[in-house]
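Chemist: Handing you a structure now.
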Amino acid sequence: MGDKPVVFATRKLPEAVEARLVRDYEAILNPDDRLYTADELVEISAGADAILPCHSEKLTAEVIGRLSDRVKAIANFSVGYDHVDTEAAKRRGIIVTNTPDVLSDATAEIAILCMLGAARRATEGVALVREAGWKDWSPKFMVGTQVTGKRFGVIGMGRVGQVTAKRARGFDMAVHYTKRSRLDAGTEAALGASYHATIEELLPHCDVLSLHCPATPETTGLLNAERIALLPKGAIVVNTARGAVIDDEALIAALKSGHVAAAGLDVFNGEPTDIHPEYRKLDNVFGLPHIGSATLETRDGMGFRALDNLDAIFAGKEPVDRVA
Ligand code: DGY
């Protein structure tokens with residue numbers, strides 16, 4: 001080992017990212033892309049100055065408490081960092097960073113796919129074609145919800161929310177949103193967006209509701225039965241943020257009653273293996289396996305951004321994307 005800091009990449013990273021990582025650091029790679037247990041994460045990171053994890057690694061307070069004193073940074077390969085207990089990291093003096101911006105376009109694309117997939121009954125349509133169940137056509141066949149000209153509601157008008165709203169404008173949708181701090185007048189005007197001070201005030205204006213807020217203790221179960229009841233009947237719910245922001249029982253009840261016509265979900269509580277079983281059964285759920293950021297360009301961008309953060313940290317500078 002030379003003088004370079006040692007970085008432990010918990011998952012197999014894109015080629016170009018690994019090439020830069022091994023060029024600039026002593027890298028501990030995971031060529032088989034195995035999902036490590038908590039014990040393995042602790043054990044392997046004992047030889048590392050920094051960890052470069054994904055959201056698949058749960059860095060809980062317990063795990064962080066067991067990390068070696070050598071670990072100085074957790075440079076996430078993700079914008080969301082709910083998988084890291086940032087308070088525990090702060091207590092250990094470990095810097096935590098994320099990768100904003102670079103995945104906004106890719107995630108907005110998936111949000112629009114989720115909206116359209118849900119609105120136009122893609123789950124049923126794909127099954128009819130693939131399973132040879134398609135026998136007929138009639139004016140009432142597979143009639144879904146048209147989104148053009150409807151109202152597109154956003155909870156969490158941050159980077160991804162804003163790009164998604166911009167794409168929704170391409171369908172002539174009127175944008176409505178709520179956000180802790182209101183957008184400046186110029187951004188609001190550019191998005192043609194109407195501000196609502198609270199979630200409760202926003203919901204009646206959402207023919208489509210798209211969730212873009214991070215998972216925090218405050219947003220856990222944010223879309224609950226009381227709030228779903230405030231949506232117009234037949235609304236579409238889209239989630240590309242985190243499963244935790246939805247109360248699954250409440251959404252499933254609304255999908256069954258028809259109060260919510262359909263949901264397009266890229267993220268789930270209990271993902272990947274332990275999602276609510278009803279989501280697998282309901283025809284009006286268009287589900288994807290957490291692929292919001294899954295494009296070559298974006299995955300490279302996420303890796304480079306994580307490395308930019310590490311470069312700053314090991315140069316004794318403040319990383320741009322420090323979250324703890
Ligand atoms: C993110 O970056 O947060 C995506 O959800 C992938 O982890």
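For the structure tokens, the naming scheme is as follows: chains receive sequential letters (A, B, ...) according to their order of presentation, residues are indexed from 1 within each chain, and ligands are indexed from 1 in presentation order.
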Can I get the residues close to ligand 1 as an MDAnalysis selection string, where close means within 8 Å and we count only C-alpha atoms and all ligand atoms?
Modeler: chainID A and resid 54:56 77:81 98:100 103 240:242 290:293 302
Chemist: Emit the selected residues as a compact mmCIF listing (two decimals), in the first residue's frame, including N, CA and C atoms.
Modeler:
```
# COMPACT_ATOMS: atom_id res chain seq x y z
N CYS A 54 -23.63 2.58 -1.42
CA CYS A 54 -24.88 2.89 -2.14
C CYS A 54 -26.02 2.81 -1.12
N HIS A 55 -27.25 3.07 -1.60
CA HIS A 55 -28.35 3.02 -0.64
C HIS A 55 -28.65 1.59 -0.20
N SER A 56 -28.01 0.62 -0.87
CA SER A 56 -28.21 -0.78 -0.49
C SER A 56 -27.48 -1.14 0.81
N PHE A 77 -22.88 7.07 -2.98
CA PHE A 77 -23.19 6.99 -4.41
C PHE A 77 -24.72 7.07 -4.49
N SER A 78 -25.26 8.20 -4.09
CA SER A 78 -26.72 8.38 -4.09
C SER A 78 -27.03 9.80 -3.63
N VAL A 79 -28.17 10.29 -4.08
CA VAL A 79 -28.60 11.59 -3.56
C VAL A 79 -29.30 11.40 -2.21
N GLY A 80 -30.09 10.32 -2.11
CA GLY A 80 -30.77 10.04 -0.84
C GLY A 80 -29.75 9.46 0.14
N TYR A 81 -29.88 9.84 1.39
CA TYR A 81 -28.92 9.29 2.36
C TYR A 81 -29.63 8.84 3.63
N ASN A 98 -23.35 13.31 -0.43
CA ASN A 98 -24.28 12.64 -1.35
C ASN A 98 -24.00 13.11 -2.78
N THR A 99 -24.86 12.74 -3.72
CA THR A 99 -24.62 13.10 -5.14
C THR A 99 -25.85 13.76 -5.77
N PRO A 100 -26.14 15.00 -5.40
CA PRO A 100 -27.30 15.66 -5.99
C PRO A 100 -27.05 16.08 -7.44
N LEU A 103 -28.46 13.21 -11.01
CA LEU A 103 -29.49 12.22 -11.34
C LEU A 103 -30.88 12.82 -11.55
N THR A 240 -41.12 8.41 -6.84
CA THR A 240 -39.75 8.07 -7.25
C THR A 240 -38.77 8.51 -6.16
N ALA A 241 -39.30 8.82 -4.97
CA ALA A 241 -38.44 9.34 -3.89
C ALA A 241 -37.96 8.18 -3.02
N ARG A 242 -38.75 7.83 -2.03
CA ARG A 242 -38.46 6.68 -1.18
C ARG A 242 -39.79 6.08 -0.75
N HIS A 290 -36.79 0.50 -8.49
CA HIS A 290 -35.87 1.57 -8.04
C HIS A 290 -34.79 1.85 -9.10
N ILE A 291 -35.25 2.29 -10.27
CA ILE A 291 -34.30 2.52 -11.37
C ILE A 291 -34.25 3.99 -11.79
N GLY A 292 -34.69 4.87 -10.90
CA GLY A 292 -34.71 6.30 -11.24
C GLY A 292 -33.38 6.79 -11.82
N SER A 293 -32.28 6.39 -11.24
CA SER A 293 -30.98 6.90 -11.68
C SER A 293 -30.25 5.95 -12.61
N MET A 302 -22.88 10.02 -10.95
CA MET A 302 -22.96 9.81 -9.50
C MET A 302 -21.59 9.40 -8.93
```
Chemist: Skip stretch 112-123 of chain A itself and residues of its chain fewer than 2 positions away, then list as a VMD selection string all residues within 7 Å of it, counting only C-alpha atoms.
Modeler: chain A and resid 108 to 110 125 to 127 144 to 146 236 238 262 to 265 283 to 286
Chemist: Emit the selected residues as a PDB file, in the first residue's frame, including N, CA, C and O atoms.
Modeler:
```pdb
ATOM      1  N   ALA A 108     -36.333  12.185 -13.236  1.00  0.00           N
ATOM      2  CA  ALA A 108     -37.539  12.824 -13.784  1.00  0.00           C
ATOM      3  C   ALA A 108     -38.112  11.978 -14.931  1.00  0.00           C
ATOM      4  O   ALA A 108     -39.335  11.847 -15.067  1.00  0.00           O
ATOM      5  N   GLU A 109     -37.234  11.390 -15.726  1.00  0.00           N
ATOM      6  CA  GLU A 109     -37.728  10.519 -16.810  1.00  0.00           C
ATOM      7  C   GLU A 109     -38.543   9.358 -16.233  1.00  0.00           C
ATOM      8  O   GLU A 109     -39.604   8.997 -16.752  1.00  0.00           O
ATOM      9  N   ILE A 110     -38.026   8.784 -15.154  1.00  0.00           N
ATOM     10  CA  ILE A 110     -38.736   7.643 -14.565  1.00  0.00           C
ATOM     11  C   ILE A 110     -40.046   8.098 -13.911  1.00  0.00           C
ATOM     12  O   ILE A 110     -41.049   7.381 -13.945  1.00  0.00           O
ATOM     13  N   GLY A 125     -51.704  -3.707 -19.804  1.00  0.00           N
ATOM     14  CA  GLY A 125     -51.430  -3.767 -21.242  1.00  0.00           C
ATOM     15  C   GLY A 125     -50.257  -4.675 -21.553  1.00  0.00           C
ATOM     16  O   GLY A 125     -50.322  -5.519 -22.467  1.00  0.00           O
ATOM     17  N   VAL A 126     -49.177  -4.524 -20.792  1.00  0.00           N
ATOM     18  CA  VAL A 126     -47.989  -5.347 -21.027  1.00  0.00           C
ATOM     19  C   VAL A 126     -48.337  -6.819 -20.797  1.00  0.00           C
ATOM     20  O   VAL A 126     -47.958  -7.697 -21.582  1.00  0.00           O
ATOM     21  N   ALA A 127     -49.098  -7.082 -19.731  1.00  0.00           N
ATOM     22  CA  ALA A 127     -49.461  -8.476 -19.432  1.00  0.00           C
ATOM     23  C   ALA A 127     -50.312  -9.062 -20.561  1.00  0.00           C
ATOM     24  O   ALA A 127     -50.115 -10.219 -20.964  1.00  0.00           O
ATOM     25  N   GLY A 144     -57.878   4.435 -20.063  1.00  0.00           N
ATOM     26  CA  GLY A 144     -57.173   4.936 -18.884  1.00  0.00           C
ATOM     27  C   GLY A 144     -57.443   6.411 -18.638  1.00  0.00           C
ATOM     28  O   GLY A 144     -58.466   6.953 -19.056  1.00  0.00           O
ATOM     29  N   THR A 145     -56.492   7.045 -17.978  1.00  0.00           N
ATOM     30  CA  THR A 145     -56.609   8.469 -17.632  1.00  0.00           C
ATOM     31  C   THR A 145     -55.699   9.274 -18.543  1.00  0.00           C
ATOM     32  O   THR A 145     -54.517   8.981 -18.661  1.00  0.00           O
ATOM     33  N   GLN A 146     -56.261  10.287 -19.180  1.00  0.00           N
ATOM     34  CA  GLN A 146     -55.420  11.179 -20.004  1.00  0.00           C
ATOM     35  C   GLN A 146     -54.816  12.238 -19.088  1.00  0.00           C
ATOM     36  O   GLN A 146     -55.529  12.837 -18.287  1.00  0.00           O
ATOM     37  N   ILE A 236     -53.837  10.127  -9.733  1.00  0.00           N
ATOM     38  CA  ILE A 236     -52.725   9.195  -9.961  1.00  0.00           C
ATOM     39  C   ILE A 236     -51.633   9.565  -8.961  1.00  0.00           C
ATOM     40  O   ILE A 236     -51.314  10.757  -8.807  1.00  0.00           O
ATOM     41  N   VAL A 238     -47.602   9.097  -7.913  1.00  0.00           N
ATOM     42  CA  VAL A 238     -46.287   8.709  -8.438  1.00  0.00           C
ATOM     43  C   VAL A 238     -45.258   8.858  -7.318  1.00  0.00           C
ATOM     44  O   VAL A 238     -45.219   9.876  -6.637  1.00  0.00           O
ATOM     45  N   ALA A 262     -54.694   4.963  -9.948  1.00  0.00           N
ATOM     46  CA  ALA A 262     -53.524   4.122 -10.218  1.00  0.00           C
ATOM     47  C   ALA A 262     -52.305   4.757  -9.562  1.00  0.00           C
ATOM     48  O   ALA A 262     -52.284   5.959  -9.281  1.00  0.00           O
ATOM     49  N   ALA A 263     -51.294   3.923  -9.356  1.00  0.00           N
ATOM     50  CA  ALA A 263     -50.038   4.443  -8.799  1.00  0.00           C
ATOM     51  C   ALA A 263     -48.883   3.965  -9.656  1.00  0.00           C
ATOM     52  O   ALA A 263     -48.875   2.818 -10.121  1.00  0.00           O
ATOM     53  N   GLY A 264     -47.915   4.850  -9.847  1.00  0.00           N
ATOM     54  CA  GLY A 264     -46.669   4.502 -10.536  1.00  0.00           C
ATOM     55  C   GLY A 264     -45.557   4.602  -9.514  1.00  0.00           C
ATOM     56  O   GLY A 264     -45.257   5.702  -9.024  1.00  0.00           O
ATOM     57  N   LEU A 265     -44.983   3.481  -9.148  1.00  0.00           N
ATOM     58  CA  LEU A 265     -44.053   3.452  -8.013  1.00  0.00           C
ATOM     59  C   LEU A 265     -42.709   2.875  -8.434  1.00  0.00           C
ATOM     60  O   LEU A 265     -42.640   1.751  -8.938  1.00  0.00           O
ATOM     61  N   ASP A 283     -53.684  -4.553 -10.412  1.00  0.00           N
ATOM     62  CA  ASP A 283     -53.496  -4.174 -11.822  1.00  0.00           C
ATOM     63  C   ASP A 283     -53.221  -2.687 -11.985  1.00  0.00           C
ATOM     64  O   ASP A 283     -52.623  -2.269 -12.973  1.00  0.00           O
ATOM     65  N   ASN A 284     -53.727  -1.899 -11.024  1.00  0.00           N
ATOM     66  CA  ASN A 284     -53.540  -0.447 -11.173  1.00  0.00           C
ATOM     67  C   ASN A 284     -52.266   0.059 -10.502  1.00  0.00           C
ATOM     68  O   ASN A 284     -52.148   1.238 -10.215  1.00  0.00           O
ATOM     69  N   VAL A 285     -51.329  -0.854 -10.279  1.00  0.00           N
ATOM     70  CA  VAL A 285     -49.995  -0.439  -9.818  1.00  0.00           C
ATOM     71  C   VAL A 285     -49.001  -0.711 -10.933  1.00  0.00           C
ATOM     72  O   VAL A 285     -48.878  -1.840 -11.421  1.00  0.00           O
ATOM     73  N   PHE A 286     -48.331   0.357 -11.356  1.00  0.00           N
ATOM     74  CA  PHE A 286     -47.247   0.223 -12.334  1.00  0.00           C
ATOM     75  C   PHE A 286     -45.960   0.335 -11.524  1.00  0.00           C
ATOM     76  O   PHE A 286     -45.628   1.418 -11.021  1.00  0.00           O
TER      77      PHE A 286
END
```
Chemist: Go ahead and compute the interatomic distance for atom CA of A:Leu255 and atom CA of A:Pro139, in Å to one decimal.
Modeler: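 Rounded to one decimal, the two atoms are 23.9 Å apart.
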Chemist: Give me, as a PyMOL selection string, all polymer residues having an atom no more than 7 Å from stretch 34-43 of chain A, counting only C-alpha atoms and skipping those fewer than 6 positions away in the same chain.
Modeler: chain A and resi 11+63+66-67
Chemist: Report the closest atom pair, with its distance in Å rounded to one decimal, for each residue of stretch 181-231 of chain A that has an atom no farther than 7 Å from stretch 244-254 of chain A; count only C-alpha atoms, sort by chain and then rising residue number, and write it as CSV.
Modeler:
```
residue,atom,partner,partner_atom,distance
A:Ala215,CA,A:Ala244,CA,6.1
A:Thr219,CA,A:Val245,CA,5.5
A:Thr220,CA,A:Val245,CA,4.6
A:Gly221,CA,A:Asp247,CA,4.6
A:Leu222,CA,A:Val245,CA,5.2
A:Leu223,CA,A:Ile246,CA,4.8
A:Asn224,CA,A:Asp247,CA,5.2
A:Ala225,CA,A:Ala250,CA,4.9
```
Chemist: Give me, as a ChimeraX atom specification, all polymer residues having an atom no more than 7 Å from A:Pro5, counting only C-alpha atoms and skipping those fewer than 2 positions away in the same chain.
Modeler: /A:3,7,25-26,49
Chemist: Atoms to include: N, CA and C atoms. Write the selected residues as an mmCIF file, in the first residue's frame.
Modeler:
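This is the output file part-v2.cif:
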```cif
data_model
loop_
_atom_site.group_PDB
_atom_site.id
_atom_site.type_symbol
_atom_site.label_atom_id
_atom_site.label_comp_id
_atom_site.auth_asym_id
_atom_site.auth_seq_id
_atom_site.Cartn_x
_atom_site.Cartn_y
_atom_site.Cartn_z
ATOM 1 N N ASP A 3 0.890 5.801 -0.319
ATOM 2 C CA ASP A 3 0.428 6.882 0.546
ATOM 3 C C ASP A 3 -1.007 7.294 0.255
ATOM 4 N N VAL A 7 -9.975 3.676 -0.202
ATOM 5 C CA VAL A 7 -11.429 3.859 -0.337
ATOM 6 C C VAL A 7 -12.076 2.497 -0.576
ATOM 7 N N TYR A 25 -6.726 6.427 -5.817
ATOM 8 C CA TYR A 25 -6.780 5.905 -4.437
ATOM 9 C C TYR A 25 -6.320 4.455 -4.409
ATOM 10 N N GLU A 26 -6.047 3.970 -3.214
ATOM 11 C CA GLU A 26 -5.961 2.522 -3.020
ATOM 12 C C GLU A 26 -7.423 2.087 -2.893
ATOM 13 N N ASP A 49 -9.920 4.396 4.680
ATOM 14 C CA ASP A 49 -10.037 5.779 5.165
ATOM 15 C C ASP A 49 -11.404 6.353 4.829
#
```
Chemist: From a DSSP pass on the backbone, collect the residues of stretch 112-319 of chain A flagged as strand (DSSP E) and hand them back as a ChimeraX atom specification.
Modeler: /A:151-155,174-178,193-195,208-211,235-239,260-265,285-287
Chemist: Please provide the set of residues having any atom within 10 Å of A:Pro289, restricted to only C-alpha atoms, with same-chain residues fewer than 6 positions apart removed, written as a ChimeraX atom specification.
Modeler: /A:265-268,271-272
Chemist: Could you give me the residues within stretch 138-294 of chain A that DSSP places in alpha helix (DSSP H), as a ChimeraX atom specification?
Modeler: /A:159-169,185-191,199-202,225-228,248-257,277-281
Chemist: Out of A:Gly47, A:Pro53, A:Gly153, A:Gly158, which residue has the shortest atom-to-atom distance to A:Ala306 when counting only C-alpha atoms?
Modeler: A:Pro53
Chemist: Return the single residue from A:Ala190, A:Thr295, A:Phe314, A:Asp308 that is closest to A:Pro14, with distances computed using only C-alpha atoms.
Modeler: A:Thr295
Chemist: Do a neighbour search on A:Glu15 at 9 Å with only C-alpha atoms, toss out local chain neighbours closer than 4 positions, and write the hits as a VMD selection string.
Modeler: chain A and resid 19 to 20 300
Chemist: Would you output that residue set with N, CA, C and O atoms, as an mmCIF file, in the first residue's frame?
Modeler:
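selection38.cif written:
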```cif
data_model
loop_
_atom_site.group_PDB
_atom_site.id
_atom_site.type_symbol
_atom_site.label_atom_id
_atom_site.label_comp_id
_atom_site.auth_asym_id
_atom_site.auth_seq_id
_atom_site.Cartn_x
_atom_site.Cartn_y
_atom_site.Cartn_z
ATOM 1 N N ALA A 19 -12.146 3.110 -12.759
ATOM 2 C CA ALA A 19 -10.834 3.463 -13.339
ATOM 3 C C ALA A 19 -10.274 4.693 -12.623
ATOM 4 O O ALA A 19 -9.096 4.731 -12.255
ATOM 5 N N ARG A 20 -11.125 5.695 -12.398
ATOM 6 C CA ARG A 20 -10.642 6.900 -11.697
ATOM 7 C C ARG A 20 -10.338 6.584 -10.231
ATOM 8 O O ARG A 20 -9.354 7.084 -9.666
ATOM 9 N N ASP A 300 -22.419 7.134 -14.095
ATOM 10 C CA ASP A 300 -21.067 7.707 -14.154
ATOM 11 C C ASP A 300 -21.041 9.012 -13.366
ATOM 12 O O ASP A 300 -20.142 9.261 -12.562
#
```
Chemist: How many Å lie between atom CA of A:Glu188 and atom CA of A:Asn239, rounded to one decimal?
Modeler: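 Separation between atom CA of A:Glu188 and atom CA of A:Asn239: 22.2 Å.
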